[in-house]
$ cat upload34.pdb   # PDB, C-alpha atoms
ATOM      1  CA  MET A   1     -31.770 -38.278 -42.695
ATOM      2  CA  ALA A   2     -34.218 -35.492 -41.861
ATOM      3  CA  GLU A   3     -32.838 -32.015 -41.179
ATOM      4  CA  PRO A   4     -33.261 -30.832 -37.554
ATOM      5  CA  ILE A   5     -35.840 -28.153 -36.861
ATOM      6  CA  TYR A   6     -34.507 -25.057 -35.085
ATOM      7  CA  LYS A   7     -36.974 -23.047 -33.068
ATOM      8  CA  LEU A   8     -36.394 -19.508 -31.894
ATOM      9  CA  GLU A   9     -37.808 -19.026 -28.430
ATOM     10  CA  LYS A  10     -37.547 -16.200 -25.950
ATOM     11  CA  LEU A  11     -34.132 -16.503 -24.293
ATOM     12  CA  ASN A  12     -32.428 -14.541 -21.528
ATOM     13  CA  PHE A  13     -29.034 -13.391 -22.757
ATOM     14  CA  ASP A  14     -26.476 -10.616 -22.505
ATOM     15  CA  GLY A  15     -25.194  -9.416 -25.870
ATOM     16  CA  PRO A  16     -24.878 -11.062 -29.308
ATOM     17  CA  LEU A  17     -22.295 -13.706 -28.319
ATOM     18  CA  ASP A  18     -24.385 -14.776 -25.346
ATOM     19  CA  PHE A  19     -27.454 -14.951 -27.591
ATOM     20  CA  LEU A  20     -25.605 -17.196 -30.070
ATOM     21  CA  LEU A  21     -24.516 -19.538 -27.281
ATOM     22  CA  LYS A  22     -28.048 -19.797 -25.929
ATOM     23  CA  LEU A  23     -29.317 -20.396 -29.456
ATOM     24  CA  LEU A  24     -26.852 -23.253 -29.977
ATOM     25  CA  GLU A  25     -27.639 -24.797 -26.581
ATOM     26  CA  LYS A  26     -31.384 -24.525 -27.108
ATOM     27  CA  ASN A  27     -31.195 -26.320 -30.445
ATOM     28  CA  LYS A  28     -28.555 -28.801 -29.172
ATOM     29  CA  VAL A  29     -26.021 -27.805 -31.826
ATOM     30  CA  ASP A  30     -22.345 -28.738 -31.643
ATOM     31  CA  ILE A  31     -20.340 -25.548 -31.305
ATOM     32  CA  TYR A  32     -17.597 -27.034 -33.518
ATOM     33  CA  ASP A  33     -20.092 -27.804 -36.311
ATOM     34  CA  ILE A  34     -22.487 -24.869 -36.442
ATOM     35  CA  PRO A  35     -25.206 -25.102 -39.139
ATOM     36  CA  ILE A  36     -24.476 -21.529 -40.102
ATOM     37  CA  ALA A  37     -27.367 -21.084 -42.526
ATOM     38  CA  GLU A  38     -30.109 -22.036 -40.073
ATOM     39  CA  ILE A  39     -28.518 -20.222 -37.123
ATOM     40  CA  THR A  40     -28.048 -17.087 -39.244
ATOM     41  CA  ASN A  41     -31.700 -17.130 -40.251
ATOM     42  CA  GLN A  42     -32.846 -17.416 -36.643
ATOM     43  CA  TYR A  43     -30.441 -14.675 -35.595
ATOM     44  CA  LEU A  44     -31.714 -12.329 -38.310
ATOM     45  CA  ASP A  45     -35.308 -13.075 -37.322
ATOM     46  CA  TYR A  46     -34.525 -11.888 -33.820
ATOM     47  CA  VAL A  47     -32.672  -8.778 -34.994
ATOM     48  CA  GLN A  48     -35.597  -7.779 -37.192
ATOM     49  CA  SER A  49     -37.941  -8.101 -34.211
ATOM     50  CA  MET A  50     -35.770  -6.070 -31.851
ATOM     51  CA  GLU A  51     -37.527  -3.115 -30.282
ATOM     52  CA  GLU A  52     -34.543  -2.046 -28.225
ATOM     53  CA  ALA A  53     -34.085   1.728 -28.353
ATOM     54  CA  ASP A  54     -30.401   1.668 -27.330
ATOM     55  CA  LEU A  55     -28.389   2.251 -30.507
ATOM     56  CA  ASP A  56     -25.235   0.751 -28.970
ATOM     57  CA  ILE A  57     -27.019  -2.565 -28.365
ATOM     58  CA  ILE A  58     -28.622  -2.595 -31.818
ATOM     59  CA  SER A  59     -25.280  -1.811 -33.491
ATOM     60  CA  ALA A  60     -23.574  -4.685 -31.636
ATOM     61  CA  PHE A  61     -26.217  -7.130 -32.906
ATOM     62  CA  LEU A  62     -25.946  -5.728 -36.449
ATOM     63  CA  VAL A  63     -22.168  -6.245 -36.430
ATOM     64  CA  MET A  64     -22.668  -9.888 -35.451
ATOM     65  CA  ALA A  65     -25.371 -10.252 -38.120
ATOM     66  CA  THR A  66     -22.893  -8.988 -40.700
ATOM     67  CA  THR A  67     -20.327 -11.538 -39.488
ATOM     68  CA  LEU A  68     -22.819 -14.398 -39.783
ATOM     69  CA  LEU A  69     -23.877 -13.335 -43.294
ATOM     70  CA  ASP A  70     -20.213 -13.155 -44.342
ATOM     71  CA  ILE A  71     -19.573 -16.667 -43.002
ATOM     72  CA  LYS A  72     -22.737 -17.963 -44.661
ATOM     73  CA  SER A  73     -21.773 -16.500 -48.038
ATOM     74  CA  ARG A  74     -18.238 -17.953 -47.870
ATOM     75  CA  MET A  75     -19.600 -21.410 -47.045
ATOM     76  CA  LEU A  76     -21.944 -21.269 -50.056
ATOM     77  CA  LEU A  77     -19.073 -20.553 -52.420
ATOM     78  CA  PRO A  78     -17.362 -23.578 -54.017
ATOM     79  CA  LYS A  79     -14.260 -24.711 -52.112
ATOM     80  CA  GLU A  80     -10.905 -24.226 -53.771
ATOM     81  CA  GLU A  81      -7.936 -26.240 -52.543
ATOM     82  CA  THR A  82      -4.358 -25.793 -53.656
ATOM     83  CA  GLU A  83      -1.313 -27.910 -53.071
ATOM     84  CA  GLU A  84       0.351 -25.237 -50.901
ATOM     85  CA  GLU A  85      -2.519 -24.413 -48.588
ATOM     86  CA  GLU A  86      -5.868 -25.893 -47.607
ATOM     87  CA  GLU A  87      -8.848 -23.584 -47.229
ATOM     88  CA  THR A  88      -9.750 -22.898 -43.572
ATOM     89  CA  ASP A  89     -13.247 -23.275 -42.184
ATOM     90  CA  PRO A  90     -15.001 -19.848 -42.319
ATOM     91  CA  ARG A  91     -16.631 -20.668 -38.979
ATOM     92  CA  GLU A  92     -13.330 -21.128 -37.138
ATOM     93  CA  GLU A  93     -12.909 -17.516 -35.968
ATOM     94  CA  LEU A  94     -16.512 -17.367 -34.734
ATOM     95  CA  VAL A  95     -16.112 -20.671 -32.872
ATOM     96  CA  ASN A  96     -12.961 -19.352 -31.141
ATOM     97  CA  ARG A  97     -14.793 -16.191 -30.067
ATOM     98  CA  LEU A  98     -17.705 -18.206 -28.705
ATOM     99  CA  LEU A  99     -15.377 -20.530 -26.764
ATOM    100  CA  GLU A 100     -13.435 -17.607 -25.272
ATOM    101  CA  TYR A 101     -16.672 -15.873 -24.231
ATOM    102  CA  LYS A 102     -17.940 -19.109 -22.703
ATOM    103  CA  ARG A 103     -14.741 -19.483 -20.638
ATOM    104  CA  TYR A 104     -14.960 -15.947 -19.280
ATOM    105  CA  LYS A 105     -18.639 -16.408 -18.523
ATOM    106  CA  TYR A 106     -17.882 -19.573 -16.553
ATOM    107  CA  ILE A 107     -15.075 -17.830 -14.630
ATOM    108  CA  SER A 108     -17.261 -14.815 -13.791
ATOM    109  CA  LYS A 109     -19.986 -17.149 -12.525
ATOM    110  CA  GLY A 110     -17.492 -18.857 -10.216
ATOM    111  CA  LEU A 111     -16.199 -15.520  -8.913
ATOM    112  CA  ARG A 112     -19.767 -14.383  -8.247
ATOM    113  CA  GLN A 113     -20.378 -17.518  -6.187
ATOM    114  CA  TYR A 114     -17.208 -16.889  -4.165
ATOM    115  CA  GLU A 115     -18.368 -13.313  -3.539
ATOM    116  CA  GLU A 116     -21.737 -14.540  -2.270
ATOM    117  CA  LEU A 117     -20.078 -17.126  -0.027
ATOM    118  CA  ALA A 118     -17.667 -14.525   1.370
ATOM    119  CA  GLU A 119     -20.574 -12.592   2.860
ATOM    120  CA  GLY A 120     -21.072 -15.443   5.352
ATOM    121  CA  TYR A 121     -17.540 -15.253   6.764
ATOM    122  CA  LEU A 122     -16.099 -13.019   9.458
ATOM    123  CA  TYR A 123     -12.425 -12.138   9.363
ATOM    124  CA  LYS A 124     -10.281 -11.114  12.287
ATOM    125  CA  ASP A 125      -8.262  -7.954  11.871
ATOM    126  CA  ALA A 126      -4.529  -8.454  11.635
ATOM    127  CA  GLU A 127      -2.675  -7.911  14.910
ATOM    128  CA  LEU A 128       0.967  -7.603  15.754
ATOM    129  CA  PRO A 129       2.457 -10.256  18.046
ATOM    130  CA  GLU A 130       2.982  -9.140  21.624
ATOM    131  CA  GLU A 131       6.753  -9.283  21.088
ATOM    132  CA  LEU A 132       6.531  -6.627  18.371
ATOM    133  CA  LYS A 133       4.047  -4.257  20.010
ATOM    134  CA  SER A 134       6.738  -2.761  22.229
ATOM    135  CA  TYR A 135       9.184  -2.394  19.333
ATOM    136  CA  VAL A 136      10.392   1.178  18.889
ATOM    137  CA  PRO A 137      11.900   2.132  15.511
ATOM    138  CA  PRO A 138      15.537   3.260  15.750
ATOM    139  CA  VAL A 139      16.008   7.009  16.073
ATOM    140  CA  ASP A 140      17.700   8.782  13.175
ATOM    141  CA  LEU A 141      20.446  10.718  14.944
ATOM    142  CA  ASP A 142      21.177  12.806  11.837
ATOM    143  CA  GLN A 143      17.577  13.991  11.839
ATOM    144  CA  LEU A 144      17.579  14.698  15.585
ATOM    145  CA  LEU A 145      20.780  16.726  15.311
ATOM    146  CA  ASN A 146      19.532  18.627  12.269
ATOM    147  CA  GLY A 147      20.218  22.329  12.813
ATOM    148  CA  VAL A 148      22.707  21.746  15.627
ATOM    149  CA  ASP A 149      26.189  23.152  14.986
ATOM    150  CA  THR A 150      28.811  20.888  16.571
ATOM    151  CA  GLU A 151      31.252  23.776  16.695
ATOM    152  CA  LEU A 152      28.736  25.814  18.669
ATOM    153  CA  LEU A 153      28.325  22.915  21.090
ATOM    154  CA  GLY A 154      32.038  23.019  21.704
ATOM    155  CA  GLU A 155      31.969  26.786  22.203
ATOM    156  CA  ILE A 156      29.067  26.519  24.649
ATOM    157  CA  TYR A 157      30.972  23.880  26.569
ATOM    158  CA  GLU A 158      34.106  26.063  26.716
ATOM    159  CA  ARG A 159      32.149  29.120  27.888
ATOM    160  CA  VAL A 160      30.441  27.120  30.627
ATOM    161  CA  MET A 161      33.742  25.706  31.801
ATOM    162  CA  LYS A 162      35.361  29.143  31.859
ATOM    163  CA  ARG A 163      32.483  30.510  33.886
ATOM    164  CA  MET A 164      32.775  27.621  36.340
ATOM    165  CA  LYS A 165      36.525  28.173  36.609
ATOM    166  CA  SER A 166      36.157  31.906  37.267
ATOM    167  CA  ALA A 167      33.599  31.181  39.994
ATOM    168  CA  VAL A 168      36.136  29.248  42.045
ATOM    169  CA  ASN A 169      37.077  31.065  45.280
ATOM    170  CA  THR A 170      40.872  31.246  45.259
ATOM    171  CA  ALA A 171      40.881  32.202  48.919
ATOM    172  CA  VAL A 172      39.905  28.721  49.992
ATOM    173  CA  GLN A 173      42.037  26.774  47.548
ATOM    174  CA  GLY A 174      44.698  26.197  50.175
ATOM    175  CA  PHE A 175      42.375  24.429  52.586
ATOM    176  CA  GLY A 176      42.804  21.130  50.788
ATOM    177  CA  VAL A 177      40.992  19.133  48.140
ATOM    178  CA  ILE A 178      37.432  17.982  48.596
ATOM    179  CA  LYS A 179      36.822  14.808  46.646
ATOM    180  CA  LYS A 180      33.475  14.932  44.914
ATOM    181  CA  GLU A 181      31.313  11.899  44.402
ATOM    182  CA  ARG A 182      31.074  10.274  41.001
ATOM    183  CA  VAL A 183      28.441  11.925  38.761
ATOM    184  CA  SER A 184      25.781   9.422  37.678
ATOM    185  CA  LEU A 185      24.523   9.558  34.078
ATOM    186  CA  VAL A 186      21.270   7.877  35.139
ATOM    187  CA  LYS A 187      20.711  10.537  37.824
ATOM    188  CA  CYS A 188      21.467  13.294  35.301
ATOM    189  CA  ILE A 189      18.936  11.824  32.895
ATOM    190  CA  GLU A 190      16.360  11.668  35.694
ATOM    191  CA  GLY A 191      17.183  15.254  36.662
ATOM    192  CA  LEU A 192      16.885  16.387  33.046
ATOM    193  CA  ARG A 193      13.576  14.546  32.732
ATOM    194  CA  ASN A 194      12.214  16.226  35.874
ATOM    195  CA  TYR A 195      13.383  19.631  34.660
ATOM    196  CA  ALA A 196      11.829  19.034  31.246
ATOM    197  CA  ARG A 197       8.452  18.178  32.792
ATOM    198  CA  GLY A 198       8.202  21.676  34.227
ATOM    199  CA  HIS A 199       9.789  23.705  31.449
ATOM    200  CA  ARG A 200       9.262  21.788  28.154
ATOM    201  CA  LYS A 201      11.576  24.266  26.377
ATOM    202  CA  PHE A 202      14.801  25.631  27.851
ATOM    203  CA  SER A 203      18.453  26.277  27.119
ATOM    204  CA  PHE A 204      21.218  23.906  28.105
ATOM    205  CA  ARG A 205      22.761  26.620  30.275
ATOM    206  CA  GLN A 206      19.497  27.191  32.188
ATOM    207  CA  MET A 207      19.313  23.526  33.073
ATOM    208  CA  LEU A 208      22.753  23.405  34.693
ATOM    209  CA  ASN A 209      23.195  24.106  38.390
ATOM    210  CA  SER A 210      25.142  27.249  39.144
ATOM    211  CA  GLY A 211      27.757  25.205  40.969
ATOM    212  CA  ALA A 212      28.166  22.503  38.324
ATOM    213  CA  ASP A 213      31.750  21.497  37.666
ATOM    214  CA  LYS A 214      33.336  20.138  34.486
ATOM    215  CA  THR A 215      32.276  16.559  35.128
ATOM    216  CA  GLU A 216      28.659  17.505  35.802
ATOM    217  CA  VAL A 217      28.554  19.609  32.615
ATOM    218  CA  VAL A 218      29.881  16.722  30.520
ATOM    219  CA  VAL A 219      27.522  14.152  32.012
ATOM    220  CA  SER A 220      24.560  16.547  31.712
ATOM    221  CA  PHE A 221      25.412  17.030  28.051
ATOM    222  CA  LEU A 222      25.517  13.244  27.628
ATOM    223  CA  ALA A 223      22.076  13.078  29.255
ATOM    224  CA  VAL A 224      20.760  15.509  26.643
ATOM    225  CA  LEU A 225      22.214  13.373  23.846
ATOM    226  CA  GLU A 226      20.743  10.219  25.387
ATOM    227  CA  LEU A 227      17.209  11.652  25.531
ATOM    228  CA  MET A 228      17.625  12.854  21.949
ATOM    229  CA  LYS A 229      18.596   9.342  20.957
ATOM    230  CA  LEU A 230      15.454   8.000  22.657
ATOM    231  CA  GLY A 231      13.330  10.470  20.696
ATOM    232  CA  LYS A 232      12.147  12.435  23.737
ATOM    233  CA  ILE A 233      13.712  15.847  23.100
ATOM    234  CA  THR A 234      15.295  17.904  20.322
ATOM    235  CA  ALA A 235      18.159  20.386  20.433
ATOM    236  CA  THR A 236      18.358  23.308  17.993
ATOM    237  CA  GLN A 237      19.931  26.720  17.519
ATOM    238  CA  ASP A 238      18.623  29.646  15.457
ATOM    239  CA  GLU A 239      21.848  31.595  15.112
ATOM    240  CA  PRO A 240      25.535  30.555  15.407
ATOM    241  CA  ASP A 241      25.987  32.542  18.647
ATOM    242  CA  ASP A 242      22.672  31.520  20.244
ATOM    243  CA  GLU A 243      22.252  29.148  23.128
ATOM    244  CA  LEU A 244      21.589  25.460  22.575
ATOM    245  CA  GLU A 245      17.800  25.231  22.927
ATOM    246  CA  VAL A 246      16.310  22.001  24.242
ATOM    247  CA  GLU A 247      12.631  21.198  23.666
ATOM    248  CA  VAL A 248      10.469  18.214  24.586
ATOM    249  CA  ILE A 249       8.832  16.540  21.575
ATOM    250  CA  SER A 250       5.081  17.194  21.665
ATOM    251  CA  ASP A 251       3.926  13.575  21.869
ATOM    252  CA  ALA A 252       6.899  12.245  23.839
ATOM    253  CA  ASP A 253       6.188  10.362  27.066
ATOM    254  CA  LEU A 254       8.925  11.326  29.510
ATOM    255  CA  ASP A 255       7.827   8.616  31.929
ATOM    256  CA  ASP A 256       8.345   5.888  29.317
ATOM    257  CA  ILE A 257      12.129   5.775  29.477
ATOM    258  CA  ASP A 258      14.052   2.553  30.060
ATOM    259  CA  LEU A 259      17.266   3.361  31.920
ATOM    260  CA  SER A 260      18.246  -0.254  32.494
ATOM    261  CA  ASN A 261      20.449  -0.298  29.374
ATOM    262  CA  ILE A 262      22.279   2.929  30.238
ATOM    263  CA  ILE A 263      25.940   2.319  31.008
ATOM    264  CA  ASP A 264      26.499   4.343  34.181
ATOM    265  CA  GLU A 265      30.171   4.437  34.985
TER     266      GLU A 265
END

$ encode --input "upload34.pdb" --output "structure tokens"
Amino acid sequence: MAEPIYKLEKLNFDGPLDFLLKLLEKNKVDIYDIPIAEITNQYLDYVQSMEEADLDIISAFLVMATTLLDIKSRMLLPKEETEEEEETDPREELVNRLLEYKRYKYISKGLRQYEELAEGYLYKDAELPEELKSYVPPVDLDQLLNGVDTELLGEIYERVMKRMKSAVNTAVQGFGVIKKERVSLVKCIEGLRNYARGHRKFSFRQMLNSGADKTEVVVSFLAVLELMKLGKITATQDEPDDELEVEVISDADLDDIDLSNIIDE
């Protein structure tokens, strides 16, 4: 049977492994049964004719040339078989490298096709469902009350109540008891909101009416806590004896307040 003739033609390739694959395909050689002598000769012919100035590329081809020469020399040596172990094919490692490179090359080609196809598609930006657009994250009360001394709040409350008590005119106490109307928390919140629109930063004492009684003070304080819970205002104090300072949060919308869930008793 006549030996096949292997011709070296100009091939387009990327690196020594790619060149070997193209060389095998061009000469219709089975990758599992590489005629190493002929392929090595063709490979060396190409390396000798290389005019590439890049030393990294030349060195990569020289390393592969060394590998092929090593395989060729081992295949020319007489085979020695022992009872414990059979001699492996010197071409096996090279075949495995060629197969692995071929797999990655096929995968990269498929990914490139997907990338080209993706350019013809338009994707809609992700949007939240209408039900979630109005969702407001829960307010961290510990963060809102950061810097507020609860003991000072109690002291402020006591001082306000004492001042209200001392303002009572004892001369008219005997004229009977005037029953006041129930103080509405919703109305106090609305009053606090209206006051905050014009002042933005104020003390709790400034907000109270001069004639506010104990019930009005308590409900007004609850209104402050409620707006803090809704993330509309903050309450702080610089020193232990200072007033409780209330300030509207810079980006807070005072008109966007739902009072329907407020328990107004």

$ closest_residue --input "upload34.pdb" --among "A:Ile257, A:Ala60, A:Leu24, A:Met75" --to "Glu190 (chain A)" --atoms "all atoms listed in the file"
A:Ile257

$ atom_distance --input "upload34.pdb" --atom1 "CA of Ile189 (chain A)" --atom2 "CA of Glu243 (chain A)"
20.2 Å

$ resolve_selection --input "upload34.pdb" --expression "the PyMOL selection byres ((chain A and resi 185) around 12)" --output "JSON, numbers by chain"
{"A": [182, 183, 184, 186, 187, 188, 189, 190, 191, 192, 215, 216, 217, 218, 219, 220, 221, 222, 223, 224, 225, 226, 227, 259, 260, 261, 262, 263, 264, 265]}

$ closest_residue --input "upload34.pdb" --among "A:Glu115, A:Asp89, A:Asp18, A:Glu130" --to "Tyr101 (chain A)" --atoms "only C-alpha atoms"
A:Asp18

$ closest_residue --input "upload34.pdb" --among "A:Leu208, A:Leu44, A:Ile31, A:Ala65" --to "Tyr157 (chain A)" --atoms "only C-alpha atoms"
A:Leu208

$ resolve_selection --input "upload34.pdb" --expression "the PyMOL selection byres ((chain A and resi 228) around 12)" --output "count of residues only"
34

$ closest_residue --input "upload34.pdb" --among "A:Tyr32, A:Leu62, A:Asp125, A:Asp213" --to "Glu93 (chain A)" --atoms "all atoms listed in the file"
A:Tyr32

$ closest_residue --input "upload34.pdb" --among "A:Glu239, A:Glu92, A:Asp56, A:Asp255" --to "Ile36 (chain A)" --atoms "only C-alpha atoms"
A:Glu92

$ build_atoms --input "upload34.pdb" --residues "region 65-81 of chain A" --atoms "N, CA, C and O atoms" --output "CSV table (one decimal), in the frame of the given file"
chain,number,residue,atom,x,y,z
A,65,ALA,N,-24.6,-9.8,-37.0
A,65,ALA,CA,-25.4,-10.3,-38.1
A,65,ALA,C,-24.5,-10.2,-39.4
A,65,ALA,O,-24.6,-11.1,-40.2
A,66,THR,N,-23.8,-9.1,-39.5
A,66,THR,CA,-22.9,-9.0,-40.7
A,66,THR,C,-21.9,-10.1,-40.7
A,66,THR,O,-21.6,-10.7,-41.8
A,67,THR,N,-21.3,-10.5,-39.6
A,67,THR,CA,-20.3,-11.5,-39.5
A,67,THR,C,-20.9,-12.9,-39.9
A,67,THR,O,-20.3,-13.6,-40.7
A,68,LEU,N,-22.1,-13.1,-39.4
A,68,LEU,CA,-22.8,-14.4,-39.8
A,68,LEU,C,-23.1,-14.5,-41.3
A,68,LEU,O,-23.0,-15.5,-41.9
A,69,LEU,N,-23.6,-13.4,-41.9
A,69,LEU,CA,-23.9,-13.3,-43.3
A,69,LEU,C,-22.6,-13.5,-44.1
A,69,LEU,O,-22.6,-14.2,-45.2
A,70,ASP,N,-21.5,-13.0,-43.6
A,70,ASP,CA,-20.2,-13.2,-44.3
A,70,ASP,C,-19.8,-14.6,-44.3
A,70,ASP,O,-19.3,-15.2,-45.3
A,71,ILE,N,-19.9,-15.3,-43.1
A,71,ILE,CA,-19.6,-16.7,-43.0
A,71,ILE,C,-20.5,-17.5,-43.9
A,71,ILE,O,-20.0,-18.4,-44.6
A,72,LYS,N,-21.8,-17.2,-43.9
A,72,LYS,CA,-22.7,-18.0,-44.7
A,72,LYS,C,-22.4,-17.9,-46.1
A,72,LYS,O,-22.4,-18.9,-46.9
A,73,SER,N,-22.1,-16.7,-46.6
A,73,SER,CA,-21.8,-16.5,-48.0
A,73,SER,C,-20.5,-17.2,-48.4
A,73,SER,O,-20.4,-17.8,-49.5
A,74,ARG,N,-19.5,-17.2,-47.6
A,74,ARG,CA,-18.2,-18.0,-47.9
A,74,ARG,C,-18.4,-19.5,-47.9
A,74,ARG,O,-17.8,-20.2,-48.7
A,75,MET,N,-19.4,-20.0,-47.1
A,75,MET,CA,-19.6,-21.4,-47.0
A,75,MET,C,-20.4,-21.9,-48.3
A,75,MET,O,-20.4,-23.0,-48.7
A,76,LEU,N,-21.2,-20.9,-48.9
A,76,LEU,CA,-21.9,-21.3,-50.1
A,76,LEU,C,-21.1,-21.3,-51.3
A,76,LEU,O,-21.5,-21.9,-52.3
A,77,LEU,N,-20.0,-20.6,-51.3
A,77,LEU,CA,-19.1,-20.6,-52.4
A,77,LEU,C,-18.4,-21.9,-52.6
A,77,LEU,O,-18.1,-22.6,-51.6
A,78,PRO,N,-18.1,-22.3,-53.8
A,78,PRO,CA,-17.4,-23.6,-54.0
A,78,PRO,C,-16.0,-23.5,-53.4
A,78,PRO,O,-15.3,-22.5,-53.4
A,79,LYS,N,-15.6,-24.6,-52.8
A,79,LYS,CA,-14.3,-24.7,-52.1
A,79,LYS,C,-13.2,-24.9,-53.1
A,79,LYS,O,-13.3,-25.6,-54.1
A,80,GLU,N,-12.1,-24.1,-52.9
A,80,GLU,CA,-10.9,-24.2,-53.8
A,80,GLU,C,-9.7,-24.6,-52.9
A,80,GLU,O,-9.4,-24.0,-51.9
A,81,GLU,N,-9.1,-25.7,-53.3
A,81,GLU,CA,-7.9,-26.2,-52.5
A,81,GLU,C,-6.7,-26.2,-53.5
A,81,GLU,O,-6.8,-26.6,-54.6
